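Below: the structure, in structure tokens.
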Protein chains: 2
Amino acid sequence: MANEKNELWAMRHTAEHILTKAMINLYGEDKIIFAMGPATDEGFYFDFDHPEDFKISEEDFPKIEAEMQKIVDENLLMTKKVISRSEAEELFAKNSYKLEWIREISEKGESLTFYELGNRKDKNYFVDLCSGPHANSTGEVKAFKLLSIAGAYWRGSEKNKMLTRIYGTAFFSKEELDSYVTIVEEAKKRDHRKLGKELDLFMFSDLVGGGLALWTPKGTILRDQLDNFVWELRKEKGYQKVTIPHITKKDLYETSGHWAKFSEELFKIKTREGHEFAMKPMNCPHHTQIFAHLPRSYKEMPQRYAETTMVYRDEQSGELSGLSRVRSITQDDSHVFCRKNQIKDEFFAIWDIIDRFYSSVGFELKVRLSFHNPEKFENYLGTKEIWQESENSIEEIAKERNANYFIAKGEAAMYGPKIDFMAKDSLGREHQVATIQLDMNMPERFDLSCINEQGEKERVVMIHCAVMGSIERFSSVMIEHFAGNFPIWMSPVQVKVLPISDKFNIYATEVDEFLQKAGESLGVDVRSEIDDRSERIQAKIRDAEMQKIPYILVVGGREEESRSVSVRARGKGDLGSVQLQEFAKGLIEKIKERSLEV
Amino acid sequence: MANEKNELWAMRHTAEHILTKAMINLYGEDKIIFAMGPATDEGFYFDFDHPEDFKISEEDFPKIEAEMQKIVDENLLMTKKVISRSEAEELFAKNSYKLEWIREISEKGESLTFYELGNRKDKNYFVDLCSGPHANSTGEVKAFKLLSIAGAYWRGSEKNKMLTRIYGTAFFSKEELDSYVTIVEEAKKRDHRKLGKELDLFMFSDLVGGGLALWTPKGTILRDQLDNFVWELRKEKGYQKVTIPHITKKDLYETSGHWAKFSEELFKIKTREGHEFAMKPMNCPHHTQIFAHLPRSYKEMPQRYAETTMVYRDEQSGELSGLSRVRSITQDDSHVFCRKNQIKDEFFAIWDIIDRFYSSVGFELKVRLSFHNPEKFENYLGTKEIWQESENSIEEIAKERNANYFIAKGEAAMYGPKIDFMAKDSLGREHQVATIQLDMNMPERFDLSCINEQGEKERVVMIHCAVMGSIERFSSVMIEHFAGNFPIWMSPVQVKVLPISDKFNIYATEVDEFLQKAGESLGVDVRSEIDDRSERIQAKIRDAEMQKIPYILVVGGREEESRSVSVRARGKGDLGSVQLQEFAKGLIEKIKERSLEV
């Protein structure tokens, strides 16, 4: 599987070189100053600079694709060579982007490799600085397609020049490509940025800045419903809420190690008295302080703290994207402080929570054990022994849970290994969502302990967990997964009552109030609204459908007389007339059960 | 009334000069380098510098008070004089603190005044730089007392030297002084910093920093109970929750005017890309962006946004005090965007919320109309016409509500006048709590409007409101008001179940679960706990009483047999045996009603 992926990436990388060459063929090297282009999980992209008056658009794609096809058909060999710095600098003398790479790679003492496409004698001979790997020859690119065009800052930083980026993809077969393209088109329709606007869930403001989402009343309901559900599940397992501020003195992060390992992404503050503060990029160091402020007896263990709170990361402007990558990130975070012999029970309890949560939002989960990369041990806190012990514990737990897991080296947190859960959405895309992390390092650094049965100080361990991860990212996944057709329990508006004319506004109000009161009496929040605009009923139905509201209740004379409602259920159409009481009962049951069905 | 206060302050200020002179008499001017000392609402204080080896303690108070009494008995006249800068500098040549004042006052072009105590021929003749006012003579200080000693930074900034501060108070009669001293002693016992620790509600961490409270599980329950209640009341009035980040680009505050008028207290951030950001000191500018992101029809007005969220202010270290003055401040904020003809209804709705909230926490309210100070118009945003109109509206509303209000000039917010509510606590102390603010300036600055019946753009107004103000400050007031004996509905632990021996742990668990389930079935969160330590029952009762838990249930054989509990109610003692079901019913009713009685 890992091999297949490597081959796919290598072939896509070759497709990217073919794209570069095709564009140079078509427009010339003075128009296409090629900067960089990697393979990705989705395909590949190609960033290039160009004169200001030169423009390219998606309309040019067929022409470029035709040129690419010629190079594929020639089935040119891909050859790797190592060259000297002076050779490389001569080769790319006119390309400042390549010269920047060359300088950096040389200064790191790494060798400079380039890939040749074909031989010098071939018409389509092409050379690029590249660490590879690549396919053996261009003919291996069986099916490819250019997808879109966008601006992108050189190396992702808005301090640099804005380049042009072309996205494309490639597969080993036409069938795979076609099914991918279908998914991409469906994904475009479901794009959370588009739906977020149409359903009025969140917004960005130029005055507030990029990556700082503001959530409307409807979006806030969605967030809160999700968060309340997580809390409900946690509460059953003995968690308690705590509350911390969003900033701290530098001292906390010097102790935790975040100041050194996380520094670039920290929003830093200098106070008027000259102190250094930072906005929290994580909650764990703050939570240790609550645990540590009192001596803890073994009888009080575990302590389980939960808090949904925003953390802040100084992401580069070029990296921001809708809710997928933001600067203010709401984590549904929890930290368990426990003894070593309690680790397993606590992991299982969290795993239960995660299973229940994700079955209620209709996601299948895959389990990944994220371990450290022994080759980059300097990126982690703690000793090899602690890592060994932690990773062994985690694998044991996964085995005992009978999980169908896989191990990923290099995916651990800086303080410990994790169990990460990957959700497959309705388009088959995978997203990393929940995470459980075992941490024996923070307790060392903060000297966290309890007094055991023998009256001795005993080192505790920490278990970090986020069920949704970040509410922003999870919302983006969920909006696209459901295409905005949220399950009733989390829908911002669950029921829209439409009087067929002004005459029935009073009955519509009665229906609305009846539903809300019925909910209240059973401890359920029913969110219904009336549309009493003087519009034609067809227009009102269409508007409510556009808002993807689960139930539309049309009421007129017949309904008023019989104390009933005409029900239109989302995706099911007209269900005919139902007694109001009966409708309320069914509705409340579905909300309570967190049913996925309308 | 205002006059009486002025006279009291003048007399207290004179008492402070008497204290200074008495200490110089006792210890000499080389030991007591007098820096400053004002009158306050509570009395007066006196800051002085001294050689490192010189120490003063509360044990010295009787001696100092005796020396002060001599000066009072001499009934020396207080005389004000204006002097030149050179005279002043000569007079205080050895006192760098006074020289600093003299320089600043002179540079502002203000005149230098000093007060003489007696005449040059009097033994207790004393001169101090002071703008007054003062009593006519020292004999007017009828009753005084020194209260405590503390460290205080010169001018409140920790960049400056730490001085010694002596607090004292003075009254026009011995009776008033005695009753004040009694209250101070009671207040010491109730000090929220002391009770906060004993009841484990919140904490501060040296690593996180001063003014940044961390809330324990118990404290978080208290906060959330209060906040949920405010939300419940707001929801009934049609409010909707929104969610904003804690930071923003500078641009938002340049538009709102906060960057200029609030700048010193802003925590500022420079991003890695070099942009200027700030942490929000208020929520209104962010909320305007949510209102403004869509065109609003008059049919959608008012829009009512509520959000409980932390704001951040760069307070000086020397000003921080427990929860009363913090750097991370949780506001239970709301903003109504409405048309001018909706102002009155919205004010009334908010006033209802405030009345209901404060009657449930047992506070009496006083109403203050906080208007602008026409002499310092440069401190405010907007035109005189807008201020006139806003203040007229507010006074009209207060009249129509039949409120017994008073007007305070200079207490307005920078963007508009306010109705402030002052709560009198159980010790008779007054605290500013809720606030309703009318704002016609932000809507101008952000160009906020709706489309009216004529299809025209119509400027809207904003109403700001916080019911508790800040949860931190309100909690400090409430902890002291109740001396930690919180009403049942907000008590972190409402019931403690104490088995008289291990044999009854199972029945205790049954009682605990019964109460929680009974609550759940009625939509009420019952917070009960078991104390199953192997301690004597008397010790367990004492511990639960120390924790000020409303109900202590003792269970043994007799209780198990009859499915009952032996109830001890806080402040009422042993109430004897009650059937478990009956107890649960009464408990849940009291929680639901938010009863103030146990």
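Chain labels follow the order of the structure tokens: the first chain is A, the next B, and so on; residue numbering restarts at 1 in every chain, and ligands are counted from 1 in their shown order.
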ask   = Residues at most 9 Å from Val555 (chain B), counting only C-alpha atoms, excluding those fewer than 2 positions away in the same chain, as an MDAnalysis selection string?
value = chainID B and resid 497:501 504:505 507:508 511 553 557:560 564:566
key: Picked from region 264-302 of chain B by DSSP as helix (DSSP H, G or I), as JSON, numbers by chain   = {"B": [264, 265, 284, 285, 286, 287, 288, 289, 290, 291, 292, 298, 299, 300]}
Please list as an mmCIF file with N, CA, C and O atoms, in the first residue's frame every residue within 8 Å of Asp191 (chain A), counting only C-alpha atoms and excluding residues in the same chain fewer than 4 positions away.
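Okay, around09.cif is ready:
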```
data_model
loop_
_atom_site.group_PDB
_atom_site.id
_atom_site.type_symbol
_atom_site.label_atom_id
_atom_site.label_comp_id
_atom_site.auth_asym_id
_atom_site.auth_seq_id
_atom_site.Cartn_x
_atom_site.Cartn_y
_atom_site.Cartn_z
ATOM 1 N N ALA A 187 -17.431 17.779 -4.991
ATOM 2 C CA ALA A 187 -16.810 18.505 -3.878
ATOM 3 C C ALA A 187 -16.916 20.006 -4.079
ATOM 4 O O ALA A 187 -17.100 20.755 -3.121
ATOM 5 N N LEU A 195 -20.967 26.795 0.752
ATOM 6 C CA LEU A 195 -22.160 26.479 1.553
ATOM 7 C C LEU A 195 -22.223 27.325 2.824
ATOM 8 O O LEU A 195 -23.300 27.697 3.283
ATOM 9 N N ILE A 479 -19.675 20.008 6.888
ATOM 10 C CA ILE A 479 -20.503 20.730 5.916
ATOM 11 C C ILE A 479 -20.400 20.029 4.561
ATOM 12 O O ILE A 479 -21.403 19.818 3.878
ATOM 13 N N GLU A 480 -19.192 19.631 4.197
ATOM 14 C CA GLU A 480 -19.001 18.989 2.893
ATOM 15 C C GLU A 480 -19.520 17.553 2.890
ATOM 16 O O GLU A 480 -20.108 17.101 1.914
#
```
task = Would you return as an MDAnalysis selection string the members of region 105-144 of chain A that DSSP assigns to strand (DSSP E or B) on this structure's backbone?
result = chainID A and resid 112:117 126:129 137 143:144
inquiry  = Using only C-alpha atoms and a distance of at most 6 Å, pull out the residues of chain A that contact chain B, as a count of residues only.
reply    = 20
Closest of A:Ala434, A:Ile394, A:Lys399, A:Ile386 to Lys366 (chain A) - atom-to-atom distances counting only C-alpha atoms =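 Closest candidate: A:Ala434.
Using only C-alpha atoms, the smallest distance between any of A:Val461, A:Leu427, A:Leu76, A:Ala93 and Ile33 (chain A) comes from A:Ala93.
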key: Distance in Å - CA of Glu90 (chain B) versus CA of Glu29 (chain B)   =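 Between these atoms lies a distance of 15.6 Å.
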ask   = Residues at most 12 Å from Asn404 (chain B), counting only C-alpha atoms, excluding those fewer than 3 positions away in the same chain, as number ranges by chain?
value = B: 365-369, 395, 397-401, 407, 419, 421
task = May I have the residues within 10 Å of Asn124 (chain B) as number ranges by chain, using only C-alpha atoms and disregarding those fewer than 5 positions away in the same chain?
result = B: 18, 21-22, 25, 70-71, 74, 76, 117-119
task = Name the residues in contact with region 342-347 of chain A at a cut-off of 12 Å, using only C-alpha atoms, excluding same-chain residues fewer than 2 positions from it; report them as a PyMOL selection string.
result = chain A and resi 234+237-239+298+301-304+334-340+349-354+390+392-401+418-419+435-440+460-465
message = When you look at region 569-573 of chain B with a cut-off of 7 Å (counting only C-alpha atoms), what residues show up, excluding the ones that are within fewer than 6 positions of it in the same chain? I need them as a list in words.
response =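 The neighbour list is Lys548, Ile549, Pro550, Tyr551, Ile552 and Val598 of chain B.
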Selected residues, N, CA and C atoms, written as a PDB file, in the first residue's frame, please.
```pdb
ATOM      1  N   LYS B 548     -18.914  24.560  52.873  1.00  0.00           N
ATOM      2  CA  LYS B 548     -20.149  25.358  52.761  1.00  0.00           C
ATOM      3  C   LYS B 548     -21.160  24.701  51.819  1.00  0.00           C
ATOM      4  N   ILE B 549     -21.232  23.371  51.901  1.00  0.00           N
ATOM      5  CA  ILE B 549     -22.151  22.629  51.036  1.00  0.00           C
ATOM      6  C   ILE B 549     -23.575  22.761  51.600  1.00  0.00           C
ATOM      7  N   PRO B 550     -24.557  23.096  50.757  1.00  0.00           N
ATOM      8  CA  PRO B 550     -25.912  23.365  51.265  1.00  0.00           C
ATOM      9  C   PRO B 550     -26.522  22.194  52.056  1.00  0.00           C
ATOM     10  N   TYR B 551     -26.411  20.977  51.530  1.00  0.00           N
ATOM     11  CA  TYR B 551     -27.016  19.839  52.234  1.00  0.00           C
ATOM     12  C   TYR B 551     -26.007  18.729  52.494  1.00  0.00           C
ATOM     13  N   ILE B 552     -25.962  18.313  53.749  1.00  0.00           N
ATOM     14  CA  ILE B 552     -25.141  17.163  54.120  1.00  0.00           C
ATOM     15  C   ILE B 552     -26.101  16.044  54.503  1.00  0.00           C
ATOM     16  N   VAL B 598     -31.957  27.801  51.843  1.00  0.00           N
ATOM     17  CA  VAL B 598     -31.604  26.388  51.914  1.00  0.00           C
ATOM     18  C   VAL B 598     -32.773  25.659  52.559  1.00  0.00           C
TER      19      VAL B 598
END
```
